[in-house]
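Beneath this line is the structure, given in structure tokens, with notes to follow.
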Protein chains: 2
Amino acid sequence: MNKEEKRMKIAIDAMGGDNAPEEIVKGAVEAARTLGVEIILVGTKEAVETALAKENAAGLPVTVVEATEVIKDGEEPAFAVMRKPRSSVALAAGMVKSGDADAMVSAGSTGAVMVSALQYVGALPGIERPMVGGAFLQLAPKTIVLDLGANVGCQPYHLVDFAVAGTVYARTFLGIDNPSVGLLNVGAEEGKGNELVKDAYPLLKKSGLNFTGNVEGMDIPFSRADVIVCDGFVGNILVKFCEGLGRVISKWLGSELKDKLAESEIEGTSSKMYRLLSPGTAVGGGPLWGVNGVVAVAHGRSRAPQITGAINQAKLAVESGFVQKLAEELEKVKGRISAD
Amino acid sequence: MNKEEKRMKIAIDAMGGDNAPEEIVKGAVEAARTLGVEIILVGTKEAVETALAKENAAGLPVTVVEATEVIKDGEEPAFAVMRKPRSSVALAAGMVKSGDADAMVSAGSTGAVMVSALQYVGALPGIERPMVGGAFLQLAPKTIVLDLGANVGCQPYHLVDFAVAGTVYARTFLGIDNPSVGLLNVGAEEGKGNELVKDAYPLLKKSGLNFTGNVEGMDIPFSRADVIVCDGFVGNILVKFCEGLGRVISKWLGSELKDKLAESEIEGTSSKMYRLLSPGTAVGGGPLWGVNGVVAVAHGRSRAPQITGAINQAKLAVESGFVQKLAEELEKVKGRISAD
């Protein structure tokens, strides 16, 4: 069947995530049913087949690849992946490298997925570590911030890499033609900030990207740039601060509105507010940027619908040629910066 | 009159702030009336005397000291202060140094006040720059975070200075006997983070303070330490992020509640939320920490009641012996760290 041969193949780490393997398998089968992709479930044979037996998968393009090693709770994920090349996450990544799969999806620990991506897929030329980014504030859903924690000790050129990745992302997935790029800083004027941002500023100016200068913390919720770049140390603290704030302030709102509105309305408003402040899909969601292949991370707490969603994101990333576009833009920008 | 001779003297920069000199003079006169302090208004003679004539200040301990230089709009404040030793902010600081005043208060630009404090009052031994800190989230009113922007390129020992200042502040003004100190980081485990925090960690362990290890962004709204220390780059971005978030989310709340509650109730709830997320008094309020004298900053937008409040804070700082306590604790901690 010619049609099946051309179908996109997505390898799924069936063992990664809080609800593995049941919810992972369920979400993957749903993807095979509705997204027109072929699913390769990678995991411990018995566990995956037991989970698969519960789904109505007959006739769907779903196969199983056995992982003979298991990463156990309490193992440091990054080291475990290196020691266990036949674990599900490592095998899935290997299939992306070999071309046996067009993409992989995992809800396992970000550390494990990142090391698998680097070790078994490889980074794009000039990239040392994958980047993590996205619209971390649902209140500002079109403002992409990165890095959000993968790179905690940055050099100035890292911030340029982030700017390139954010730009290509905003163009490809948000339909913004010429995304503005802001450098997160303590003041608007050039010359402000610590050594890192002072040195990154002229590089960004030379990058040929639509660099609009420094932005401040306040500019994130006000969406004053399409792409905002920062050291992963700052990004991680911001995103976790925001998550904590969402929890505390939505609880406060619940008690503030008590006896003023019906309970269901209070509940609705509080959870909307919580979601607006929650990093949600942006963090631990979507493809890792800077990897030479599509490696998509799903949140550790994902259930079947989120897994199906992550598979769809991986599919879109493959279809859009995101990896290739990012590689090309990185090369162009590096060329401009090194030219004198 | 023996009583008047012992009265605390507070020098006021009558020319600093968006509402100078009228609101500054008004707030200062109120302080002379109600706080039992003597007020020295420092400013352009005519402007101050005109403003003073509008207040009912007869018989109150208020005097005027003339400033013959003026810092104009658009001058870079820090340089202006150095070039203009007879500007109001510089003269007020000089009076703290000479003992002609026990404290000074300014609503001028933080940069100008900071440079005045350093140049004309001086820093405590071992301190290079004043520190800015406070409970930046009114939602977590007893969690002191510093530095909030005065020090954007920190060395590990700066974070120890911040921890000492926060500890003395929490003891003196919040009545917390043995404040816990957390190091803001990207993870809880020792060894996480960038070079700065990795190197600060062992120093904090040796400091003899109640150091409880790393905290994450989420721990700020949850108040998981009494004192949280970070580089001023991170602190400044956090505080401005939070301020912007407060504006955007309280506006969102207003539209979310529309037609569900009476307008006045919506207005009340939205502004409460805005205030909970606003840095308010914490930033640009209270004494600068690390200065060898009491130099209190009021918010640039202060009106008379805020000025009276800032004068009261300065009075409490003098009465509590905050500067002396901080100097002693800094010396003790530095002794412990340098001992091997």
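Residue numbering restarts at 1 for every chain of the structure tokens, chains are lettered A, B, ... in their displayed order, and ligands are numbered from 1 as they appear.
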
Return the neighbours of chain B among the residues of chain A, cut-off 8 Å, counting only C-alpha atoms, as a ChimeraX atom specification. /A:139,149,152-153,184-186,193-195,216-222,233-234,236-245,248-249,256,260-261,269

Among segment 16-186 of chain B, which residues does DSSP mark as strand (DSSP E) when it is run on the backbone? Keep the chain and numbering as in the structure and answer as a list in words.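 Selection result, strand (DSSP E) within segment 16-186 of chain B: Glu38, Ile39, Ile40, Leu41, Val42, Gly43, Val62, Thr63, Val64, Val65, Glu66, Ala103, Met104, Val105, Ser106, Gly133, Gly134, Ile144, Val145, Leu146, Ser180, Val181, Gly182, Leu183 and Leu184 of chain B.
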
Could those residues be written to a file, using N, CA and C atoms, as a short mmCIF file (atom, residue, chain, number, x, y, z; two decimals), in the first residue's frame?
```cif
data_model
loop_
_atom_site.label_atom_id
_atom_site.label_comp_id
_atom_site.auth_asym_id
_atom_site.auth_seq_id
_atom_site.Cartn_x
_atom_site.Cartn_y
_atom_site.Cartn_z
N GLU B 38 12.20 66.66 64.28
CA GLU B 38 12.50 67.97 63.72
C GLU B 38 12.79 67.81 62.23
N ILE B 39 12.21 68.71 61.42
CA ILE B 39 12.33 68.57 59.97
C ILE B 39 13.25 69.67 59.42
N ILE B 40 14.19 69.26 58.58
CA ILE B 40 15.03 70.22 57.88
C ILE B 40 14.74 70.08 56.39
N LEU B 41 14.06 71.07 55.83
CA LEU B 41 13.72 71.01 54.41
C LEU B 41 14.90 71.54 53.59
N VAL B 42 15.41 70.72 52.68
CA VAL B 42 16.55 71.15 51.87
C VAL B 42 16.07 71.36 50.44
N GLY B 43 16.26 72.59 49.92
CA GLY B 43 15.79 72.82 48.56
C GLY B 43 16.02 74.25 48.14
N VAL B 62 10.33 73.11 62.07
CA VAL B 62 10.66 72.95 60.65
C VAL B 62 11.60 74.08 60.25
N THR B 63 12.76 73.74 59.71
CA THR B 63 13.68 74.77 59.22
C THR B 63 13.98 74.50 57.75
N VAL B 64 14.55 75.51 57.09
CA VAL B 64 14.87 75.38 55.67
C VAL B 64 16.37 75.55 55.48
N VAL B 65 16.98 74.69 54.69
CA VAL B 65 18.39 74.85 54.30
C VAL B 65 18.42 75.02 52.78
N GLU B 66 19.12 76.02 52.33
CA GLU B 66 19.08 76.33 50.91
C GLU B 66 20.00 75.44 50.08
N ALA B 103 18.97 61.43 59.93
CA ALA B 103 18.53 60.62 58.79
C ALA B 103 18.13 61.55 57.67
N MET B 104 18.04 61.02 56.46
CA MET B 104 17.49 61.81 55.36
C MET B 104 16.45 60.99 54.61
N VAL B 105 15.54 61.71 53.95
CA VAL B 105 14.50 61.07 53.15
C VAL B 105 14.44 61.77 51.80
N SER B 106 14.38 60.98 50.71
CA SER B 106 14.25 61.57 49.38
C SER B 106 13.30 60.74 48.52
N GLY B 133 16.06 46.14 48.93
CA GLY B 133 15.29 44.93 49.18
C GLY B 133 14.04 45.21 49.96
N GLY B 134 13.27 44.17 50.15
CA GLY B 134 12.04 44.30 50.92
C GLY B 134 11.10 43.18 50.55
N ILE B 144 11.29 38.66 52.62
CA ILE B 144 12.18 39.73 52.18
C ILE B 144 13.03 39.20 51.02
N VAL B 145 13.00 39.91 49.90
CA VAL B 145 13.83 39.50 48.76
C VAL B 145 14.82 40.62 48.46
N LEU B 146 16.06 40.28 48.28
CA LEU B 146 17.05 41.25 47.82
C LEU B 146 18.20 40.54 47.14
N SER B 180 14.94 32.45 58.39
CA SER B 180 15.54 31.50 57.46
C SER B 180 15.95 32.24 56.19
N VAL B 181 17.07 31.78 55.61
CA VAL B 181 17.61 32.42 54.41
C VAL B 181 17.65 31.39 53.28
N GLY B 182 17.06 31.72 52.15
CA GLY B 182 17.10 30.84 50.98
C GLY B 182 17.86 31.50 49.84
N LEU B 183 18.53 30.67 49.05
CA LEU B 183 19.28 31.15 47.89
C LEU B 183 18.44 30.86 46.64
N LEU B 184 18.06 31.89 45.93
CA LEU B 184 17.19 31.71 44.76
C LEU B 184 17.94 30.98 43.65
#
```

Please indicate the distance in Å from atom CA of Leu52 of chain B to atom CA of Pro77 of chain B, rounded to one decimal place. 26.0 Å

Please identify all polymer residues within 10 Å of Thr172 of chain A, counting only C-alpha atoms, omitting same-chain residues fewer than 2 positions from it, and present them as a ChimeraX atom specification. /A:166-170,174-177,316-317,320-322,325-326

Quick one: of B:Lys251, B:Lys198, B:Lys6, B:His299, who's nearest to Ser109 of chain B, counting only C-alpha atoms?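 Closest to Ser109 of chain B, using only C-alpha atoms: B:His299.
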
note - atom CA of Gly300 of chain A and atom CA of Gln313 of chain A are separated by 16.1 Å

Once DSSP has gone over the backbone, tell me which residues of segment 49-193 of chain A are in alpha helix (DSSP H), as a compact mmCIF listing (two decimals) with N, CA and C atoms, in the first residue's frame.
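Below you can see out_9.txt, which holds the result:
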```txt
# COMPACT_ATOMS: atom_id res chain seq x y z
N GLU A 49 2.20 -4.19 25.64
CA GLU A 49 1.18 -5.03 25.00
C GLU A 49 -0.07 -5.14 25.86
N THR A 50 0.10 -5.19 27.18
CA THR A 50 -1.05 -5.22 28.08
C THR A 50 -1.88 -3.95 27.91
N ALA A 51 -1.17 -2.79 27.87
CA ALA A 51 -1.88 -1.51 27.72
C ALA A 51 -2.57 -1.44 26.35
N LEU A 52 -1.87 -1.95 25.35
CA LEU A 52 -2.39 -1.88 23.99
C LEU A 52 -3.63 -2.76 23.82
N ALA A 53 -3.64 -3.89 24.55
CA ALA A 53 -4.77 -4.82 24.44
C ALA A 53 -6.06 -4.16 24.90
N PRO A 77 18.18 10.91 35.85
CA PRO A 77 17.74 10.58 34.49
C PRO A 77 18.82 10.73 33.42
N ALA A 78 19.60 11.80 33.49
CA ALA A 78 20.58 12.04 32.44
C ALA A 78 21.61 10.91 32.39
N PHE A 79 22.11 10.51 33.55
CA PHE A 79 23.11 9.45 33.57
C PHE A 79 22.49 8.11 33.18
N ALA A 80 21.27 7.90 33.64
CA ALA A 80 20.59 6.64 33.34
C ALA A 80 20.47 6.45 31.83
N VAL A 81 20.12 7.51 31.13
CA VAL A 81 19.97 7.42 29.68
C VAL A 81 21.29 7.03 29.01
N MET A 82 22.38 7.60 29.51
CA MET A 82 23.67 7.28 28.91
C MET A 82 24.08 5.83 29.21
N ARG A 83 23.73 5.36 30.39
CA ARG A 83 24.08 3.99 30.76
C ARG A 83 23.16 2.96 30.13
N SER A 88 13.62 2.87 26.74
CA SER A 88 12.62 3.31 25.75
C SER A 88 12.95 4.68 25.18
N VAL A 89 13.37 5.62 26.04
CA VAL A 89 13.62 6.98 25.56
C VAL A 89 14.84 7.02 24.64
N ALA A 90 15.87 6.23 25.00
CA ALA A 90 17.08 6.20 24.17
C ALA A 90 16.80 5.54 22.83
N LEU A 91 16.05 4.44 22.84
CA LEU A 91 15.73 3.74 21.59
C LEU A 91 14.90 4.61 20.66
N ALA A 92 13.92 5.32 21.24
CA ALA A 92 13.07 6.18 20.42
C ALA A 92 13.91 7.26 19.75
N ALA A 93 14.84 7.84 20.52
CA ALA A 93 15.71 8.88 19.95
C ALA A 93 16.58 8.29 18.85
N GLY A 94 17.07 7.08 19.08
CA GLY A 94 17.90 6.41 18.08
C GLY A 94 17.15 6.22 16.76
N MET A 95 15.85 5.98 16.87
CA MET A 95 15.06 5.78 15.65
C MET A 95 14.92 7.08 14.85
N VAL A 96 14.94 8.20 15.54
CA VAL A 96 14.90 9.49 14.82
C VAL A 96 16.21 9.68 14.06
N LYS A 97 17.30 9.34 14.74
CA LYS A 97 18.62 9.46 14.11
C LYS A 97 18.73 8.57 12.87
N SER A 98 18.28 7.32 13.01
CA SER A 98 18.45 6.36 11.91
C SER A 98 17.45 6.59 10.78
N THR A 110 12.43 15.77 31.58
CA THR A 110 13.04 16.63 30.57
C THR A 110 14.53 16.34 30.45
N GLY A 111 15.17 16.09 31.61
CA GLY A 111 16.60 15.79 31.59
C GLY A 111 16.90 14.57 30.74
N ALA A 112 16.11 13.52 30.92
CA ALA A 112 16.35 12.29 30.17
C ALA A 112 16.11 12.50 28.68
N VAL A 113 15.06 13.23 28.36
CA VAL A 113 14.75 13.46 26.94
C VAL A 113 15.85 14.31 26.31
N MET A 114 16.31 15.30 27.07
CA MET A 114 17.32 16.19 26.52
C MET A 114 18.63 15.44 26.27
N VAL A 115 19.02 14.61 27.22
CA VAL A 115 20.26 13.85 27.03
C VAL A 115 20.09 12.85 25.89
N SER A 116 18.93 12.22 25.80
CA SER A 116 18.69 11.29 24.68
C SER A 116 18.80 12.02 23.36
N PRO A 156 27.24 35.11 25.60
CA PRO A 156 26.45 36.02 24.76
C PRO A 156 25.89 35.36 23.49
N TYR A 157 26.68 34.51 22.83
CA TYR A 157 26.20 33.92 21.58
C TYR A 157 25.03 32.96 21.81
N HIS A 158 24.92 32.44 23.04
CA HIS A 158 23.74 31.61 23.33
C HIS A 158 22.45 32.43 23.20
N LEU A 159 22.52 33.68 23.65
CA LEU A 159 21.32 34.51 23.58
C LEU A 159 20.94 34.77 22.12
N VAL A 160 21.95 34.81 21.25
CA VAL A 160 21.65 34.94 19.82
C VAL A 160 20.98 33.67 19.30
N ASP A 161 21.49 32.51 19.71
CA ASP A 161 20.84 31.25 19.32
C ASP A 161 19.37 31.25 19.75
N PHE A 162 19.12 31.71 20.97
CA PHE A 162 17.74 31.74 21.47
C PHE A 162 16.89 32.66 20.58
N ALA A 163 17.48 33.78 20.21
CA ALA A 163 16.74 34.74 19.38
C ALA A 163 16.39 34.13 18.02
N VAL A 164 17.34 33.39 17.47
CA VAL A 164 17.08 32.73 16.18
C VAL A 164 15.96 31.69 16.34
N ALA A 165 16.08 30.86 17.36
CA ALA A 165 15.08 29.81 17.55
C ALA A 165 13.69 30.40 17.77
N GLY A 166 13.62 31.43 18.60
CA GLY A 166 12.33 32.07 18.87
C GLY A 166 11.75 32.70 17.61
N THR A 167 12.63 33.30 16.81
CA THR A 167 12.18 33.93 15.57
C THR A 167 11.61 32.90 14.60
N VAL A 168 12.33 31.81 14.42
CA VAL A 168 11.86 30.77 13.49
C VAL A 168 10.56 30.15 14.01
N TYR A 169 10.48 29.97 15.32
CA TYR A 169 9.27 29.42 15.92
C TYR A 169 8.07 30.34 15.67
N ALA A 170 8.27 31.63 15.95
CA ALA A 170 7.17 32.59 15.81
C ALA A 170 6.71 32.69 14.35
N ARG A 171 7.67 32.65 13.43
CA ARG A 171 7.33 32.66 12.01
C ARG A 171 6.55 31.40 11.62
N THR A 172 7.08 30.25 12.05
CA THR A 172 6.53 28.98 11.58
C THR A 172 5.19 28.65 12.22
N PHE A 173 5.10 28.87 13.54
CA PHE A 173 3.91 28.39 14.24
C PHE A 173 2.92 29.49 14.63
N LEU A 174 3.39 30.73 14.71
CA LEU A 174 2.46 31.79 15.10
C LEU A 174 2.12 32.70 13.92
```

Of the residues B:Ala11, B:Ala298, B:Leu288, B:Ala67, which is the one nearest to Ala107 of chain B, using only C-alpha atoms? B:Ala298

Atom CA of Asn292 of chain A to atom CA of Ile127 of chain A: how many Å, to one decimal?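 Between these atoms lies a distance of 9.7 Å.
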